[in-house]
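The data block below is final_6.txt; it holds compact mmCIF, C-alpha atoms.
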```txt
# COMPACT_ATOMS: atom_id res chain seq x y z
CA MET O 17 -43.68 9.49 17.09
CA VAL O 18 -42.74 6.67 19.45
CA CYS O 19 -39.33 7.26 21.01
CA TYR O 20 -36.29 5.14 20.19
CA ASN O 21 -36.40 3.35 23.55
CA THR O 22 -39.74 1.76 22.76
CA ILE O 23 -39.61 -1.95 22.03
CA ILE O 24 -42.06 -3.40 19.56
CA ASP O 25 -42.97 -6.90 20.74
CA GLY O 26 -44.19 -8.39 17.51
CA ASP O 27 -46.07 -11.31 19.02
CA LYS O 28 -48.12 -8.86 21.15
CA ILE O 29 -48.86 -6.36 18.39
CA MET O 30 -52.37 -7.62 17.61
CA ALA O 31 -53.36 -7.70 21.24
CA LYS O 32 -52.05 -4.14 21.60
CA LYS O 33 -54.38 -2.91 18.91
CA ASN O 34 -57.55 -4.20 20.61
CA HIS O 35 -56.64 -4.56 24.28
CA SER O 36 -54.36 -1.70 25.32
CA SER O 37 -55.37 -1.95 28.98
CA HIS O 38 -54.64 -5.65 29.02
CA LEU O 39 -51.24 -4.99 27.37
CA ASN O 40 -50.34 -2.43 30.05
CA SER O 41 -51.21 -4.95 32.73
CA HIS O 42 -49.22 -7.62 30.96
CA LYS O 43 -46.27 -5.21 30.60
CA ASN O 44 -46.29 -4.57 34.33
CA GLN O 45 -46.17 -8.29 34.93
CA LEU O 46 -43.22 -8.61 32.55
CA ASP O 47 -41.41 -5.76 34.31
CA LYS O 48 -41.82 -7.51 37.63
CA SER O 49 -40.83 -10.94 36.34
CA ASN O 50 -37.75 -9.68 34.45
CA VAL O 51 -35.76 -8.12 37.28
CA VAL O 52 -32.42 -7.07 35.84
CA ASN O 53 -29.31 -8.13 37.63
CA ASN O 54 -27.54 -4.77 37.93
CA GLU O 55 -24.09 -6.25 38.32
CA GLN O 56 -24.51 -8.41 35.21
CA LEU O 57 -25.93 -5.50 33.23
CA ILE O 58 -23.10 -3.17 34.25
CA ASN O 59 -20.57 -5.83 33.30
CA HIS O 60 -22.18 -6.23 29.88
CA LEU O 61 -22.34 -2.51 29.28
CA ASN O 62 -18.71 -1.99 30.27
CA ARG O 63 -17.57 -4.73 27.88
CA ILE O 64 -19.59 -3.18 25.07
CA ILE O 65 -18.34 0.33 25.77
CA ASN O 66 -14.77 -0.99 25.80
CA THR O 67 -15.45 -2.25 22.30
CA GLN O 68 -15.41 1.39 21.24
CA ASP O 69 -11.64 1.41 21.81
CA LYS O 70 -11.38 -1.26 19.12
CA ILE O 71 -12.38 1.34 16.55
CA TYR O 72 -8.83 2.67 16.66
CA GLU O 73 -7.29 -0.81 16.74
CA SER O 74 -9.20 -1.70 13.58
CA LYS O 75 -7.18 1.04 11.82
CA PHE O 76 -10.36 2.73 10.56
CA ASN O 77 -11.47 -0.49 8.83
CA LEU O 78 -15.24 -0.34 9.37
CA ASP O 79 -15.94 -3.90 8.23
CA ALA O 80 -13.31 -5.29 10.62
CA PHE O 81 -14.85 -3.33 13.50
CA LEU O 82 -18.42 -4.37 12.61
CA HIS O 83 -17.40 -8.03 12.58
CA MET O 84 -15.71 -7.58 15.96
CA ALA O 85 -18.84 -5.85 17.34
CA ALA O 86 -21.09 -8.65 16.05
CA GLU O 87 -18.93 -11.29 17.72
CA GLN O 88 -18.92 -9.32 20.98
CA ILE O 89 -22.68 -8.88 21.15
CA GLN O 90 -23.24 -12.56 20.34
CA GLN O 91 -20.96 -13.55 23.23
CA LEU O 92 -22.82 -11.26 25.67
CA THR O 93 -26.38 -12.25 24.71
CA HIS O 94 -28.41 -15.38 24.09
CA ALA O 95 -28.01 -14.98 20.33
CA ASN O 96 -26.96 -17.85 18.07
CA GLY O 97 -26.31 -15.49 15.18
CA MET O 98 -25.76 -11.81 14.47
CA THR O 99 -25.86 -9.56 11.42
CA ILE O 100 -25.06 -5.89 11.00
CA GLU O 101 -26.73 -4.50 7.88
CA LEU O 102 -26.03 -1.06 6.42
CA ILE O 103 -28.08 0.79 3.84
CA GLU O 104 -26.43 1.18 0.45
CA ASP O 105 -28.36 2.36 -2.64
CA ASN O 106 -31.81 1.56 -1.15
CA HIS O 107 -30.69 -1.90 -0.07
CA PHE O 108 -29.60 -3.47 3.17
CA VAL O 109 -26.12 -4.95 2.73
CA CYS O 110 -24.95 -7.42 5.36
CA ARG O 111 -21.51 -6.06 6.30
CA ALA O 112 -20.91 -8.43 9.23
CA ALA O 113 -22.38 -11.83 10.15
CA THR O 114 -21.56 -14.37 12.88
CA GLY O 115 -22.75 -17.72 14.17
CA SER O 116 -25.81 -19.15 12.47
CA MET O 117 -26.15 -15.97 10.38
CA THR O 118 -22.67 -16.23 8.80
CA LYS O 119 -24.19 -17.45 5.53
CA TYR O 120 -25.83 -14.04 5.05
CA ALA O 121 -22.54 -12.11 4.87
CA GLY O 122 -22.64 -9.79 1.84
CA ARG O 123 -26.33 -10.37 1.15
CA ARG O 124 -28.39 -7.51 -0.31
CA GLU O 125 -32.12 -7.01 0.18
CA ASP O 126 -34.63 -4.23 -0.38
CA LYS O 127 -34.47 -1.82 2.55
CA ASN O 128 -38.26 -1.45 2.66
CA ASN O 129 -38.96 -5.13 3.23
CA GLY O 130 -39.12 -7.32 6.33
CA LEU O 131 -38.14 -6.64 9.91
CA SER O 132 -35.16 -4.50 8.99
CA GLY O 133 -37.40 -2.23 6.95
CA LEU O 134 -39.92 -1.98 9.82
CA CYS O 135 -37.14 -1.17 12.26
CA ILE O 136 -35.72 1.80 10.31
CA THR O 137 -39.21 3.06 9.45
CA THR O 138 -40.38 3.20 13.09
CA HIS O 139 -36.93 4.00 14.60
CA GLN O 140 -37.70 1.39 17.25
CA VAL O 141 -36.15 -1.77 18.57
CA PHE O 142 -38.18 -4.76 17.38
CA ARG O 143 -38.36 -8.03 19.35
CA SER O 144 -40.19 -11.20 18.41
CA ASN O 145 -40.19 -13.96 21.00
CA ASP O 146 -41.68 -16.46 18.56
CA ILE O 147 -41.43 -15.54 14.91
CA HIS O 148 -43.70 -18.40 13.85
CA HIS O 149 -46.61 -16.75 15.65
CA ASP O 150 -45.79 -13.13 14.88
CA ALA O 151 -48.25 -11.14 12.79
CA LEU O 152 -45.52 -8.73 11.59
CA ILE O 153 -43.26 -11.37 10.11
CA HIS O 154 -44.04 -12.80 6.66
CA SER O 155 -43.84 -16.53 6.11
CA GLU O 156 -40.99 -16.25 3.58
CA GLU O 157 -38.91 -14.27 6.07
CA ILE O 158 -39.59 -16.91 8.77
CA HIS O 159 -38.32 -19.62 6.45
CA GLU O 160 -35.30 -17.57 5.43
CA MET O 161 -34.18 -16.70 8.98
CA ASP O 162 -34.29 -20.30 10.22
CA ALA O 163 -34.72 -19.03 13.82
CA GLN O 164 -37.29 -18.90 16.62
CA SER O 165 -36.60 -15.47 18.20
CA VAL O 166 -35.23 -12.23 16.78
CA VAL O 167 -34.31 -8.73 17.93
CA VAL O 168 -33.64 -5.89 15.47
CA ALA O 169 -32.27 -2.46 16.50
CA PRO O 170 -31.82 0.58 14.23
CA LEU O 171 -28.50 2.32 13.53
CA PHE O 172 -28.28 6.07 12.99
CA HIS O 173 -25.84 8.56 11.52
CA GLU O 174 -26.56 12.28 11.91
CA GLY O 175 -30.19 11.49 12.77
CA ASN O 176 -30.79 9.31 9.71
CA SER O 177 -31.34 5.56 9.69
CA VAL O 178 -28.31 3.88 8.15
CA GLY O 179 -28.87 0.22 9.03
CA VAL O 180 -29.78 -2.33 11.66
CA ILE O 181 -28.30 -4.84 14.11
CA LYS O 182 -30.11 -8.15 14.06
CA MET O 183 -29.67 -11.04 16.50
CA THR O 184 -31.43 -14.38 16.27
CA SER O 185 -31.83 -17.49 18.39
CA ASP O 186 -33.11 -20.98 17.69
CA HIS O 187 -35.15 -20.83 20.94
CA THR O 188 -38.39 -19.00 21.63
CA ASN O 189 -38.39 -16.25 24.26
CA ALA O 190 -34.59 -16.28 24.07
CA PHE O 191 -33.80 -12.64 24.67
CA SER O 192 -33.88 -11.00 28.10
CA ASP O 193 -34.07 -7.33 29.03
CA ILE O 194 -30.29 -7.39 29.50
CA ASP O 195 -29.95 -8.61 25.89
CA ILE O 196 -32.13 -5.71 24.75
CA GLN O 197 -30.10 -3.21 26.75
CA SER O 198 -26.89 -4.73 25.39
CA ILE O 199 -27.95 -4.42 21.76
CA ARG O 200 -29.10 -0.83 22.40
CA VAL O 201 -25.72 0.16 23.82
CA MET O 202 -23.88 -1.68 21.06
CA SER O 203 -25.96 0.18 18.48
CA GLY O 204 -24.73 3.43 20.03
CA VAL O 205 -21.12 2.23 19.79
CA ILE O 206 -21.63 1.20 16.19
CA ASN O 207 -23.27 4.57 15.45
CA PHE O 208 -20.14 6.23 16.77
CA ALA O 209 -17.96 3.91 14.68
CA ILE O 210 -19.94 4.74 11.54
CA THR O 211 -19.66 8.46 12.28
CA PHE O 212 -15.96 8.11 13.01
CA HIS O 213 -15.40 6.07 9.83
CA THR O 214 -17.43 8.53 7.74
CA MET O 215 -15.36 11.43 9.06
CA TYR O 216 -12.16 9.48 8.43
CA GLU O 217 -13.17 8.59 4.86
CA HIS O 218 -14.27 12.17 4.26
CA THR O 219 -10.92 13.39 5.57
CA LYS O 220 -9.11 10.90 3.33
CA THR O 221 -11.15 12.08 0.36
CA LEU O 222 -10.34 15.69 1.16
CA GLU O 223 -6.66 14.81 1.53
CA LYS O 224 -6.71 13.01 -1.82
CA GLU O 225 -8.47 15.94 -3.45
CA LYS O 226 -6.00 18.32 -1.82
CA THR O 227 -3.05 16.20 -2.97
CA HIS O 228 -4.55 15.94 -6.47
CA THR O 229 -5.15 19.69 -6.58
CA LEU O 230 -1.63 20.43 -5.33
CA ASP O 231 -0.17 18.01 -7.88
CA ASN O 232 -2.10 19.73 -10.65
CA LEU O 233 -1.01 23.14 -9.39
CA ARG O 234 2.62 21.98 -9.29
CA LYS O 235 2.28 20.61 -12.82
CA LEU O 236 0.78 23.89 -13.98
CA GLU O 237 3.48 25.78 -12.15
CA ARG O 238 6.17 23.67 -13.82
CA LYS O 239 4.41 24.08 -17.15
CA PHE O 240 4.15 27.86 -16.81
CA LYS O 241 7.70 28.09 -15.53
CA HIS O 242 8.95 26.00 -18.44
CA ALA O 243 6.94 28.12 -20.88
CA SER O 244 8.34 31.31 -19.36
CA GLN O 245 11.90 30.02 -19.61
CA HIS O 246 11.88 28.21 -22.96
CA ASP O 247 11.35 29.16 -26.56
CA GLU O 248 7.96 27.92 -27.74
CA LEU O 249 9.10 27.17 -31.29
CA THR O 250 12.31 25.23 -30.65
CA GLY O 251 11.95 24.16 -27.01
CA LEU O 252 15.40 25.57 -26.22
CA PRO O 253 16.01 27.81 -23.19
CA ASN O 254 15.13 31.43 -23.94
CA ARG O 255 17.20 34.53 -23.32
CA ALA O 256 16.06 34.94 -19.69
CA LEU O 257 16.93 31.35 -18.68
CA PHE O 258 20.20 31.45 -20.61
CA ASN O 259 21.22 34.59 -18.72
CA GLU O 260 20.50 32.82 -15.42
CA TYR O 261 22.71 29.89 -16.45
CA LEU O 262 25.40 32.30 -17.65
CA HIS O 263 25.61 34.10 -14.30
CA ILE O 264 25.79 30.80 -12.40
CA HIS O 265 28.47 29.26 -14.63
CA MET O 266 30.55 32.44 -14.74
CA ALA O 267 30.58 32.58 -10.93
CA LYS O 268 31.71 28.97 -10.79
CA ALA O 269 34.36 29.54 -13.47
CA LYS O 270 35.78 32.48 -11.50
CA ARG O 271 36.05 30.36 -8.36
CA LYS O 272 37.69 27.44 -10.12
CA LYS O 273 39.65 29.64 -12.56
CA HIS O 274 38.75 27.64 -15.63
CA LEU O 275 37.82 28.60 -19.18
CA ILE O 276 34.20 29.39 -20.06
CA VAL O 277 33.07 30.12 -23.63
CA LEU O 278 30.04 31.91 -25.08
CA MET O 279 29.11 31.42 -28.75
CA TYR O 280 26.62 33.71 -30.48
CA LEU O 281 25.12 32.24 -33.70
CA ASP O 282 23.16 33.87 -36.48
CA ILE O 283 21.69 32.23 -39.60
CA ASP O 284 23.09 33.99 -42.66
CA HIS O 285 20.51 35.77 -44.84
CA PHE O 286 17.59 34.25 -42.94
CA LYS O 287 15.41 37.17 -44.04
CA ASN O 288 15.64 35.85 -47.61
CA VAL O 289 14.21 32.48 -46.47
CA ILE O 290 11.18 34.23 -44.96
CA GLU O 291 10.61 36.39 -48.05
CA THR O 292 10.94 33.57 -50.59
CA MET O 293 9.42 30.60 -48.70
CA GLY O 294 7.14 32.16 -46.09
CA HIS O 295 6.94 32.07 -42.32
CA VAL O 296 5.67 28.47 -42.07
CA VAL O 297 8.74 27.06 -43.83
CA ALA O 298 10.98 29.52 -41.98
CA ASP O 299 9.65 28.28 -38.62
CA LYS O 300 10.21 24.65 -39.62
CA LEU O 301 13.73 25.55 -40.68
CA LEU O 302 14.37 27.19 -37.31
CA ARG O 303 13.22 24.03 -35.50
CA ALA O 304 15.43 21.85 -37.69
CA PHE O 305 18.35 24.23 -37.20
CA ALA O 306 17.89 24.14 -33.40
CA ASN O 307 17.85 20.31 -33.38
CA ARG O 308 20.99 20.04 -35.50
CA PHE O 309 22.70 22.74 -33.47
CA LYS O 310 21.86 20.94 -30.21
CA GLN O 311 23.25 17.66 -31.59
CA CYS O 312 26.64 19.32 -31.94
CA THR O 313 26.84 20.08 -28.22
CA ARG O 314 27.69 18.12 -25.10
CA SER O 315 25.10 17.29 -22.47
CA SER O 316 26.70 19.81 -20.13
CA ASP O 317 26.56 22.62 -22.71
CA ILE O 318 23.63 25.05 -22.74
CA ALA O 319 22.14 25.95 -26.11
CA ALA O 320 19.48 28.67 -26.28
CA ARG O 321 17.46 30.72 -28.72
CA PHE O 322 17.78 34.44 -28.10
CA GLY O 323 15.06 35.30 -30.58
CA GLY O 324 14.55 35.43 -34.35
CA ASP O 325 17.45 33.56 -35.98
CA GLU O 326 19.86 34.22 -33.12
CA PHE O 327 21.14 31.35 -30.95
CA THR O 328 23.68 31.10 -28.15
CA LEU O 329 25.82 28.33 -26.70
CA LEU O 330 27.47 28.28 -23.27
CA ILE O 331 30.41 25.89 -22.95
CA ASP O 332 31.83 25.39 -19.48
CA ASP O 333 35.16 24.01 -18.30
CA MET O 334 37.03 24.16 -21.62
CA LYS O 335 40.64 22.95 -21.70
CA ASP O 336 42.14 25.39 -24.20
CA MET O 337 41.41 27.64 -27.18
CA ASN O 338 42.04 24.86 -29.70
CA GLU O 339 39.01 23.01 -28.33
CA ILE O 340 36.88 26.09 -28.98
CA ILE O 341 37.94 26.13 -32.62
CA VAL O 342 37.12 22.43 -33.06
CA ILE O 343 33.58 22.89 -31.65
CA ALA O 344 32.87 26.02 -33.74
CA ASP O 345 34.06 24.31 -36.90
CA LYS O 346 31.94 21.24 -36.12
CA ILE O 347 28.81 23.40 -35.78
CA LEU O 348 29.44 25.28 -39.05
CA GLN O 349 30.00 22.04 -40.98
CA ALA O 350 26.78 20.56 -39.61
CA ILE O 351 24.79 23.67 -40.57
CA ARG O 352 26.15 23.59 -44.14
CA GLN O 353 24.45 20.25 -44.76
CA PRO O 354 21.10 20.65 -46.62
CA PHE O 355 17.89 20.85 -44.56
CA GLN O 356 14.94 18.85 -45.87
CA ILE O 357 11.82 20.89 -45.09
CA ASP O 358 8.65 19.28 -46.48
CA ASP O 359 9.56 18.70 -50.15
CA LYS O 360 12.24 21.39 -50.22
CA SER O 361 15.99 21.04 -49.77
CA ILE O 362 17.30 24.23 -48.19
CA ASN O 363 20.95 25.19 -47.94
CA ILE O 364 21.97 27.74 -45.35
CA THR O 365 25.10 28.84 -43.49
CA ALA O 366 25.68 30.49 -40.13
CA SER O 367 28.10 32.90 -38.50
CA ILE O 368 29.47 32.51 -34.97
CA GLY O 369 30.84 35.17 -32.67
CA ILE O 370 32.87 33.80 -29.75
CA ALA O 371 33.82 35.34 -26.42
CA TYR O 372 35.51 33.68 -23.47
CA MET O 373 36.46 34.29 -19.88
CA LYS O 374 39.57 33.08 -18.12
CA ASP O 375 41.65 34.88 -15.53
CA LYS O 376 39.94 38.20 -16.27
CA ASP O 377 37.28 40.23 -14.55
CA ILE O 378 34.20 40.48 -16.80
CA ASN O 379 30.49 40.35 -16.15
CA ALA O 380 27.81 38.45 -18.04
CA ASP O 381 26.49 41.45 -19.97
CA ASN O 382 29.95 42.31 -21.25
CA LEU O 383 30.65 38.71 -22.22
CA ILE O 384 27.46 38.67 -24.32
CA LYS O 385 28.42 42.04 -25.80
CA GLN O 386 31.86 40.74 -26.81
CA ALA O 387 30.32 37.66 -28.49
CA ASP O 388 27.87 39.93 -30.33
CA GLN O 389 30.75 42.16 -31.48
CA ALA O 390 32.65 39.10 -32.70
CA LEU O 391 29.53 38.03 -34.63
CA TYR O 392 29.44 41.44 -36.28
CA VAL O 393 33.03 40.90 -37.45
CA CYS O 394 31.94 37.58 -39.04
CA LYS O 395 29.19 39.26 -40.99
CA ASN O 396 31.55 41.95 -42.23
CA SER O 397 34.03 39.27 -43.23
CA GLY O 398 31.72 37.42 -45.60
CA ARG O 399 29.73 35.26 -43.10
CA ASN O 400 29.79 31.43 -42.93
CA THR O 401 32.64 31.52 -40.43
CA PHE O 402 33.46 32.18 -36.79
CA TYR O 403 35.44 34.88 -35.03
CA ILE O 404 36.93 34.83 -31.51
CA PHE O 405 36.72 38.20 -29.80
CA ASP O 406 39.99 40.07 -29.74
CA ASN O 407 39.92 43.68 -28.65
CA GLU O 408 42.82 44.79 -30.89
CA LEU O 409 41.67 43.05 -34.07
CA LEU O 410 38.12 44.22 -33.42
CA GLN O 411 39.23 47.80 -33.99
CA GLU O 412 39.75 46.99 -37.67
CA HIS O 413 36.06 46.09 -38.03
CA THR O 414 34.52 48.82 -35.88
CA ILE O 415 31.34 50.30 -37.30
CA SER O 416 32.17 53.61 -38.92
```
Encoded form using structure tokens:
Amino acid sequence: MVCYNTIIDGDKIMAKKNHSSHLNSHKNQLDKSNVVNNEQLINHLNRIINTQDKIYESKFNLDAFLHMAAEQIQQLTHANGMTIELIEDNHFVCRAATGSMTKYAGRREDKNNGLSGLCITTHQVFRSNDIHHDALIHSEEIHEMDAQSVVVAPLFHEGNSVGVIKMTSDHTNAFSDIDIQSIRVMSGVINFAITFHTMYEHTKTLEKEKTHTLDNLRKLERKFKHASQHDELTGLPNRALFNEYLHIHMAKAKRKKHLIVLMYLDIDHFKNVIETMGHVVADKLLRAFANRFKQCTRSSDIAARFGGDEFTLLIDDMKDMNEIIVIADKILQAIRQPFQIDDKSINITASIGIAYMKDKDINADNLIKQADQALYVCKNSGRNTFYIFDNELLQEHTIS
């Protein structure tokens, strides 16, 4: 394989095939006649290398950098036009174009055709000093380029050909050895830019995937947390979440010394509904009951389903006991209204046990226990009513 530094001079290719000794002699003559001005070359190379800093200024915009690189190389060489073409889906796509080649910006062509195809196949820099007398250039490509001289250099990423730089001139023999060296160095800078951009885009993709994954995990976490803290049938907080709220609100009520109320509800004779109408209707009734029950509460109140046909309500910052009575009565009246489940009209009632805390030392478990005891009094008193816990009156209804 010919190394990358080899230059294919297209207008000498036929002579090379049949007269290799003559070509070597001719090459020596060219080397002697094209003495490179070191100071000029160093100046060119420094300007091109400094272009690498523009990668960061372009804010990782590859197209902006490629256009800047094309303009820079055109200014430093004898080119009238420049293109930078990258391979996309087996096509060369012109990603940057300047000067006389501006009209080719965005153009797509088969990557296996023409000079660009030859360049990436051989991994060599191609130069034609007179394209009209070059055996390697097809007539249609000559007409399309509208130029006299051309140089094409390959671009690489991770050892693979990814595109070409192409510079043209409307003069024959336009490009010097300094021009060739300049385009070689610029190809290295562009290779770095492509690598840098690829890494940046890959990093962005990974970050997006990471963000997307984390978002999904957070959604799942919220979903699982919600499921673990809420009743699946009614959507209300379950016993565990209600107990958390109860501890928090009781601590606040103790600090502020205000009234906090716990209501414990039970649907009267709910077992009869299950036995006569089945579990499907019973579940629908529970959902309807929960919705109606919730509508009787304030936004700051916390309604929950403890399980089965048992519900609780936490009411914070109450003014006085009369307000408790009004709320309990409102709930019972709402529950007494018929429930329309499918084609059935179902009448039910409920019982409510009430416990409260104000200016007394009581924990959450005991407050729930008192509300449950008050509910038991309701059931023993004929149901369809409410009872506010009172330790003295409770003695009359103690289980024997």
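Those residues that approach Arg255 (chain O) to within 12 Å, counting all atoms listed in the file, are Ser244, Gln245, His246, Asp247, Asn259, Glu260, Tyr261, Leu262, Tyr280, Ile318, Ala319, Ala320, Arg321, Phe322, Gly323, Gly324, Glu326, Phe327, Thr328, Leu329 and Ile384 of chain O; same-chain residues fewer than 4 positions away are not listed.
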- Message: Using Å and a single decimal, report how far CA of Cys135 (chain O) sits from CA of Ala190 (chain O).
- Response: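 Distance between the two atoms: 19.3 Å.
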List the neighbours of Ile153 (chain O) out to 9 Å using all atoms listed in the file; skip same-chain residues closer than 3 positions along the sequence, and give me the result as a PDB file with C-alpha atoms, in the frame of the given file.
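Below is the file that was written, around-v8.pdb:
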```
ATOM      1  CA  GLY O  26     -44.190  -8.390  17.510  1.00  0.00           C
ATOM      2  CA  GLY O 130     -39.120  -7.320   6.330  1.00  0.00           C
ATOM      3  CA  LEU O 131     -38.140  -6.640   9.910  1.00  0.00           C
ATOM      4  CA  SER O 144     -40.190 -11.200  18.410  1.00  0.00           C
ATOM      5  CA  ILE O 147     -41.430 -15.540  14.910  1.00  0.00           C
ATOM      6  CA  HIS O 148     -43.700 -18.400  13.850  1.00  0.00           C
ATOM      7  CA  HIS O 149     -46.610 -16.750  15.650  1.00  0.00           C
ATOM      8  CA  ASP O 150     -45.790 -13.130  14.880  1.00  0.00           C
ATOM      9  CA  GLU O 156     -40.990 -16.250   3.580  1.00  0.00           C
ATOM     10  CA  GLU O 157     -38.910 -14.270   6.070  1.00  0.00           C
ATOM     11  CA  ILE O 158     -39.590 -16.910   8.770  1.00  0.00           C
TER      12      ILE O 158
END
```
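In this structure, CA of Asp284 (chain O) sits 24.9 Å away from CA of Leu257 (chain O).
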- Task: Using only C-alpha atoms, find the one residue out of O:Ala112, O:Ile276, O:Ile290, O:Val393 that sits nearest to Asp375 (chain O).
- Result: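 Smallest separation from Asp375 (chain O) among the options: O:Ile276.
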- Item | Separation of CA of Lys335 (chain O) from CA of Arg352 (chain O) in Å | 26.7 Å
